[in-house]
$ cat work_13.txt   # compact mmCIF, C-alpha atoms
# COMPACT_ATOMS: atom_id res chain seq x y z
CA MET A 1 -4.65 -6.17 15.49
CA THR A 2 -3.36 -7.01 12.06
CA THR A 3 0.26 -8.00 11.72
CA ILE A 4 2.28 -8.95 8.69
CA ASN A 5 3.70 -12.46 8.94
CA SER A 6 5.58 -12.64 5.65
CA ASN A 7 8.74 -10.99 4.38
CA GLU A 8 6.87 -9.82 1.24
CA PHE A 9 3.50 -8.06 1.10
CA HIS A 10 1.23 -5.55 -0.61
CA VAL A 11 -1.29 -3.43 1.28
CA ALA A 12 -3.92 -1.25 -0.39
CA PHE A 13 -5.42 1.29 2.03
CA ALA A 14 -8.78 2.76 1.03
CA LEU A 15 -8.52 6.38 2.17
CA SER A 16 -11.91 7.34 0.72
CA LYS A 17 -14.41 6.18 -1.90
CA THR A 18 -11.97 7.13 -4.64
CA LYS A 19 -8.46 7.30 -3.11
CA VAL A 20 -6.09 4.40 -2.44
CA PHE A 21 -2.61 4.35 -0.87
CA ASN A 22 -0.41 1.31 -1.58
CA VAL A 23 2.54 0.05 0.44
CA ASN A 24 4.63 -2.76 -1.03
CA TYR A 25 7.65 -4.81 -0.09
CA TYR A 26 8.28 -7.63 -2.53
CA THR A 27 10.64 -9.19 -5.06
CA LEU A 28 9.92 -8.19 -8.64
CA GLY A 29 10.96 -10.23 -11.66
CA SER A 30 14.50 -11.56 -11.43
CA ASN A 31 15.49 -9.40 -8.44
CA LYS A 32 17.09 -11.45 -5.69
CA SER A 33 15.74 -9.31 -2.82
CA PRO A 34 12.50 -7.50 -2.08
CA TYR A 35 12.29 -3.72 -2.30
CA PHE A 36 10.03 -1.09 -0.75
CA SER A 37 7.65 1.19 -2.60
CA THR A 38 4.52 3.25 -2.16
CA SER A 39 2.05 4.55 -4.70
CA ALA A 40 -1.37 6.17 -4.82
CA GLU A 41 -4.43 5.89 -7.01
CA VAL A 42 -7.55 7.92 -7.61
CA PHE A 43 -10.53 6.32 -9.34
CA ASN A 44 -12.38 8.21 -12.05
CA ARG A 45 -16.05 8.80 -11.22
CA PRO A 46 -17.56 5.74 -12.90
CA LYS A 47 -14.67 3.69 -11.40
CA THR A 48 -13.76 2.22 -14.76
CA ASP A 49 -10.14 3.33 -14.48
CA PHE A 50 -7.82 5.58 -12.49
CA SER A 51 -7.71 9.31 -13.15
CA GLN A 52 -4.37 9.42 -11.29
CA CYS A 53 -2.01 6.63 -10.30
CA GLY A 54 1.60 5.93 -9.45
CA GLN A 55 3.85 8.47 -7.79
CA CYS A 56 1.12 11.03 -6.99
CA GLN A 57 1.24 10.58 -3.20
CA GLU A 58 1.97 14.26 -2.41
CA GLU A 59 -1.32 15.28 -4.00
CA VAL A 60 -3.50 12.28 -3.16
CA LEU A 61 -2.52 12.04 0.52
CA LYS A 62 -3.32 15.68 1.32
CA GLY A 63 -5.89 15.64 4.10
CA TYR A 64 -4.88 12.16 5.28
CA ARG A 65 -2.34 13.10 7.94
CA LEU A 66 -1.37 9.62 9.07
CA ALA A 67 -0.87 8.31 5.52
CA MET A 68 1.06 11.45 4.54
CA ASN A 69 3.35 11.19 7.57
CA PHE A 70 4.04 7.53 6.75
CA TYR A 71 4.80 8.41 3.12
CA LYS A 72 7.13 11.29 4.04
CA LYS A 73 9.02 9.14 6.54
CA TRP A 74 9.51 6.19 4.21
CA ASP A 75 9.82 7.87 0.79
CA GLU A 76 13.63 7.98 1.01
CA MET A 77 13.58 4.17 0.99
CA HIS A 78 11.58 3.99 -2.26
CA LEU A 79 12.84 1.13 -4.45
CA LYS A 80 15.41 0.03 -1.87
CA GLU A 81 15.95 -3.11 0.13
CA LEU A 82 15.36 -2.61 3.86
CA SER A 83 17.63 -3.80 6.65
CA GLU A 84 16.05 -6.11 9.24
CA ASP A 85 15.72 -3.18 11.68
CA GLN A 86 14.16 -0.95 9.00
CA TYR A 87 11.75 -3.73 8.05
CA GLN A 88 10.64 -4.17 11.69
CA GLU A 89 10.16 -0.40 12.01
CA LEU A 90 8.10 -0.39 8.81
CA ILE A 91 5.86 -3.16 10.16
CA GLU A 92 5.35 -1.21 13.40
CA ASP A 93 4.47 1.96 11.46
CA LEU A 94 1.99 0.04 9.32
CA LYS A 95 0.08 -1.01 12.44
CA GLU A 96 -1.06 2.61 12.88
CA LEU A 97 -2.36 2.69 9.31
CA PHE A 98 -4.18 -0.64 9.84
CA LEU A 99 -6.04 0.94 12.76
CA LYS A 100 -7.01 4.07 10.81
CA TYR A 101 -7.89 2.99 7.25
CA PRO A 102 -9.73 0.01 5.71
CA TYR A 103 -7.29 -2.16 3.76
CA LEU A 104 -6.63 -5.20 1.63
CA LEU A 105 -3.51 -7.18 2.55
CA GLU A 106 -1.76 -9.83 0.51
CA GLU A 107 1.27 -11.67 1.87
CA LYS A 108 3.66 -13.97 0.10
CA GLU A 109 2.70 -17.60 0.46
CA GLY A 110 5.28 -20.09 -0.76
CA GLU A 111 6.88 -18.81 -3.95
CA ARG A 112 4.28 -16.25 -4.93
CA LEU A 113 2.74 -12.96 -3.81
CA ARG A 114 -0.83 -12.69 -5.08
CA ASP A 115 -1.60 -9.40 -6.79
CA ILE A 116 -4.33 -7.06 -5.56
CA SER A 117 -6.17 -6.47 -8.82
CA PHE A 118 -7.95 -3.33 -9.98
CA GLY A 119 -11.28 -5.16 -9.63
CA ARG A 120 -10.61 -6.19 -6.02
CA VAL A 121 -9.62 -2.65 -5.04
CA LYS A 122 -12.67 -1.21 -6.81
CA ASP A 123 -15.07 -3.68 -5.18
CA PHE A 124 -13.45 -3.16 -1.77
CA SER A 125 -13.67 0.63 -1.96
CA MET A 126 -17.33 0.40 -2.91
CA THR A 127 -18.03 -1.92 0.02
CA VAL A 128 -16.26 -0.07 2.83
CA TYR A 129 -17.51 3.41 1.90
CA ARG A 130 -21.27 2.83 1.37
$ encode --input "work_13.txt" --output "structure tokens"
Amino acid sequence: MTTINSNEFHVAFALSKTKVFNVNYYTLGSNKSPYFSTSAEVFNRPKTDFSQCGQCQEEVLKGYRLAMNFYKKWDEMHLKELSEDQYQELIEDLKELFLKYPYLLEEKEGERLRDISFGRVKDFSMTVYR
């Protein structure tokens, strides 16, 4: 089973051929502490761009019960730093999503968290849903 071993991460869950749910906990720019966020994306049909992206989880996650429940539980923590107990609970909740949906995971190594690029998400979604 996948576990997160870093205090900063980004996970992109491929819900379908065109829908992606992102869960992030990382330090941005000059912030001193990491913060939590989620977002969603929907590819356009030729997969050259997104037709929807950002804070569209309510619409995109319809029909994906586990992802929607996760989003509804954690949305109140959007853009906030988590306590150690909250962080551990988040990691436990993510384990259920890891079992249900294909995903890309990046964890902070050293000073830097590698980004999950548009191209990587596109290629991944095309691979797992053939």
$ atom_distance --input "work_13.txt" --atom1 "CA of Met126 (chain A)" --atom2 "CA of Lys100 (chain A)"
17.6 Å
$ closest_residue --input "work_13.txt" --among "A:Val23, A:Leu28, A:Leu94, A:Leu61" --to "Met77 (chain A)" --atoms "all atoms listed in the file"
A:Val23
$ residues_near_point --input "work_13.txt" --point "(4.9, 9.3, 8.0)" --cutoff "12 Å" --atoms "all atoms listed in the file" --output "PyMOL selection string"
chain A and resi 38+57-58+61+64-76+89-90+92-94+96-97
$ residues_around --input "work_13.txt" --residues "region 103-107 of chain A" --least-positions-apart "4" --cutoff "8 Å" --atoms "only C-alpha atoms" --output "PyMOL selection string"
chain A and resi 4-14+98+113-116+121+124
$ residues_near_point --input "work_13.txt" --point "(-8.4, 18.2, -2.3)" --cutoff "12 Å" --atoms "only C-alpha atoms" --output "JSON, numbers by chain"
{"A": [16, 18, 19, 42, 58, 59, 60, 61, 62, 63, 64]}
$ atom_distance --input "work_13.txt" --atom1 "CA of Tyr87 (chain A)" --atom2 "CA of Glu111 (chain A)"
19.9 Å
$ closest_residue --input "work_13.txt" --among "A:Gln88, A:Gln55, A:Leu79, A:Thr127" --to "Pro102 (chain A)" --atoms "only C-alpha atoms"
A:Thr127
$ closest_residue --input "work_13.txt" --among "A:Gln86, A:Gln52, A:Ser125, A:Ser37" --to "Asn22 (chain A)" --atoms "all atoms listed in the file"
A:Ser37
$ atom_distance --input "work_13.txt" --atom1 "CA of Tyr101 (chain A)" --atom2 "CA of Gly54 (chain A)"
19.4 Å
$ closest_residue --input "work_13.txt" --among "A:Asp123, A:Gly29, A:Gly110, A:Phe118" --to "Phe50 (chain A)" --atoms "only C-alpha atoms"
A:Phe118
$ axis_aligned_box --input "work_13.txt" --around "region 71-84 of chain A" --padding-each-side "5 Å" --output "JSON"
{"center_x": 11.2, "center_y": 2.6, "center_z": 2.4, "size_x": 22.8, "size_y": 27.4, "size_z": 23.7}
$ closest_residue --input "work_13.txt" --among "A:Lys122, A:Glu109, A:Leu99, A:Ser39" --to "Met1 (chain A)" --atoms "only C-alpha atoms"
A:Leu99
$ closest_residue --input "work_13.txt" --among "A:Cys56, A:Leu82, A:Val128, A:Ala40" --to "Tyr26 (chain A)" --atoms "only C-alpha atoms"
A:Leu82
$ decode --input "work_13.txt" --residues "region 4-130 of chain A" --atoms "C-alpha atoms" --output "compact mmCIF listing (two decimals), in the first residue's frame"
# COMPACT_ATOMS: atom_id res chain seq x y z
CA ILE A 4 3.42 9.29 1.98
CA ASN A 5 6.85 9.62 3.56
CA SER A 6 7.38 13.36 3.23
CA ASN A 7 5.83 16.36 4.94
CA GLU A 8 5.06 17.92 1.52
CA PHE A 9 3.40 16.23 -1.44
CA HIS A 10 1.14 16.52 -4.48
CA VAL A 11 -1.14 13.70 -5.63
CA ALA A 12 -3.06 13.71 -8.91
CA PHE A 13 -5.84 11.09 -8.95
CA ALA A 14 -7.12 10.08 -12.38
CA LEU A 15 -10.85 9.62 -11.81
CA SER A 16 -11.58 8.91 -15.48
CA LYS A 17 -10.07 9.49 -18.93
CA THR A 18 -10.75 13.21 -18.58
CA LYS A 19 -11.16 14.02 -14.86
CA VAL A 20 -8.40 14.60 -12.31
CA PHE A 21 -8.59 15.33 -8.57
CA ASN A 22 -5.54 16.93 -6.94
CA VAL A 23 -4.57 16.89 -3.27
CA ASN A 24 -1.64 19.06 -2.18
CA TYR A 25 0.23 19.87 0.98
CA TYR A 26 3.30 21.98 0.34
CA THR A 27 5.10 25.27 0.93
CA LEU A 28 4.53 27.84 -1.79
CA GLY A 29 6.89 30.71 -2.50
CA SER A 30 8.12 32.47 0.63
CA ASN A 31 5.60 30.80 2.97
CA LYS A 32 7.30 29.32 6.01
CA SER A 33 4.87 26.39 6.39
CA PRO A 34 3.04 24.07 4.03
CA TYR A 35 -0.68 24.44 3.42
CA PHE A 36 -3.43 22.10 2.25
CA SER A 37 -5.44 22.41 -0.94
CA THR A 38 -7.48 20.41 -3.40
CA SER A 39 -8.44 21.16 -6.98
CA ALA A 40 -9.96 19.40 -9.97
CA GLU A 41 -9.38 19.39 -13.70
CA VAL A 42 -11.28 18.24 -16.76
CA PHE A 43 -9.43 17.79 -20.04
CA ASN A 44 -10.96 19.08 -23.26
CA ARG A 45 -11.57 16.32 -25.82
CA PRO A 46 -8.32 16.56 -27.77
CA LYS A 47 -6.51 16.84 -24.39
CA THR A 48 -4.68 19.97 -25.45
CA ASP A 49 -5.88 21.94 -22.43
CA PHE A 50 -8.38 21.85 -19.58
CA SER A 51 -12.00 22.76 -20.17
CA GLN A 52 -12.39 23.19 -16.39
CA CYS A 53 -9.78 23.52 -13.68
CA GLY A 54 -9.24 24.86 -10.19
CA GLN A 55 -12.00 25.03 -7.61
CA CYS A 56 -14.59 23.02 -9.58
CA GLN A 57 -14.58 19.98 -7.28
CA GLU A 58 -18.34 20.06 -6.52
CA GLU A 59 -19.11 19.53 -10.20
CA VAL A 60 -16.19 17.34 -11.26
CA LEU A 61 -16.39 14.91 -8.32
CA LYS A 62 -20.08 14.09 -8.82
CA GLY A 63 -20.33 10.35 -9.31
CA TYR A 64 -17.02 9.68 -7.53
CA ARG A 65 -18.31 9.08 -4.01
CA LEU A 66 -14.99 8.43 -2.29
CA ALA A 67 -13.29 11.49 -3.81
CA MET A 68 -16.34 13.67 -3.06
CA ASN A 69 -16.47 12.51 0.57
CA PHE A 70 -12.75 13.27 0.96
CA TYR A 71 -13.22 16.72 -0.57
CA LYS A 72 -16.22 17.57 1.62
CA LYS A 73 -14.42 16.46 4.77
CA TRP A 74 -11.23 18.39 4.08
CA ASP A 75 -12.50 21.48 2.23
CA GLU A 76 -12.71 23.50 5.45
CA MET A 77 -8.92 23.18 5.71
CA HIS A 78 -8.33 24.65 2.23
CA LEU A 79 -5.26 26.91 2.24
CA LYS A 80 -4.52 26.22 5.90
CA GLU A 81 -1.63 24.63 7.74
CA LEU A 82 -2.55 21.32 9.36
CA SER A 83 -1.73 20.26 12.91
CA GLU A 84 0.29 17.06 13.29
CA ASP A 85 -2.90 15.13 14.19
CA GLN A 86 -4.77 16.58 11.19
CA TYR A 87 -1.85 15.72 8.91
CA GLN A 88 -1.82 12.10 10.13
CA GLU A 89 -5.59 11.87 9.61
CA LEU A 90 -5.19 13.28 6.10
CA ILE A 91 -2.56 10.66 5.27
CA GLU A 92 -4.86 7.90 6.55
CA ASP A 93 -7.77 9.22 4.47
CA LEU A 94 -5.58 9.37 1.38
CA LYS A 95 -4.86 5.64 1.69
CA GLU A 96 -8.48 4.94 0.72
CA LEU A 97 -8.12 7.08 -2.40
CA PHE A 98 -4.85 5.32 -3.30
CA LEU A 99 -6.72 2.00 -3.28
CA LYS A 100 -9.58 3.29 -5.45
CA TYR A 101 -8.08 5.58 -8.11
CA PRO A 102 -4.91 5.51 -10.25
CA TYR A 103 -2.58 8.32 -9.21
CA LEU A 104 0.67 10.18 -9.64
CA LEU A 105 2.48 11.07 -6.40
CA GLU A 106 5.31 13.52 -5.93
CA GLU A 107 6.93 14.01 -2.54
CA LYS A 108 9.38 16.64 -1.41
CA GLU A 109 12.96 15.49 -1.69
CA GLY A 110 15.52 17.77 -0.08
CA GLU A 111 14.60 21.38 -0.71
CA ARG A 112 12.21 20.89 -3.60
CA LEU A 113 8.85 19.36 -4.48
CA ARG A 114 8.78 18.35 -8.15
CA ASP A 115 5.72 19.57 -10.02
CA ILE A 116 3.32 17.19 -11.73
CA SER A 117 3.14 18.81 -15.15
CA PHE A 118 0.19 18.99 -17.52
CA GLY A 119 2.02 16.62 -19.89
CA ARG A 120 2.61 14.00 -17.19
CA VAL A 121 -1.04 14.07 -16.10
CA LYS A 122 -2.21 13.87 -19.72
CA ASP A 123 0.10 10.94 -20.55
CA PHE A 124 -0.83 9.16 -17.31
CA SER A 125 -4.58 9.51 -17.91
CA MET A 126 -4.17 8.13 -21.42
CA THR A 127 -2.19 5.16 -20.12
CA VAL A 128 -4.39 4.07 -17.22
CA TYR A 129 -7.71 4.39 -19.06
CA ARG A 130 -7.01 2.59 -22.37
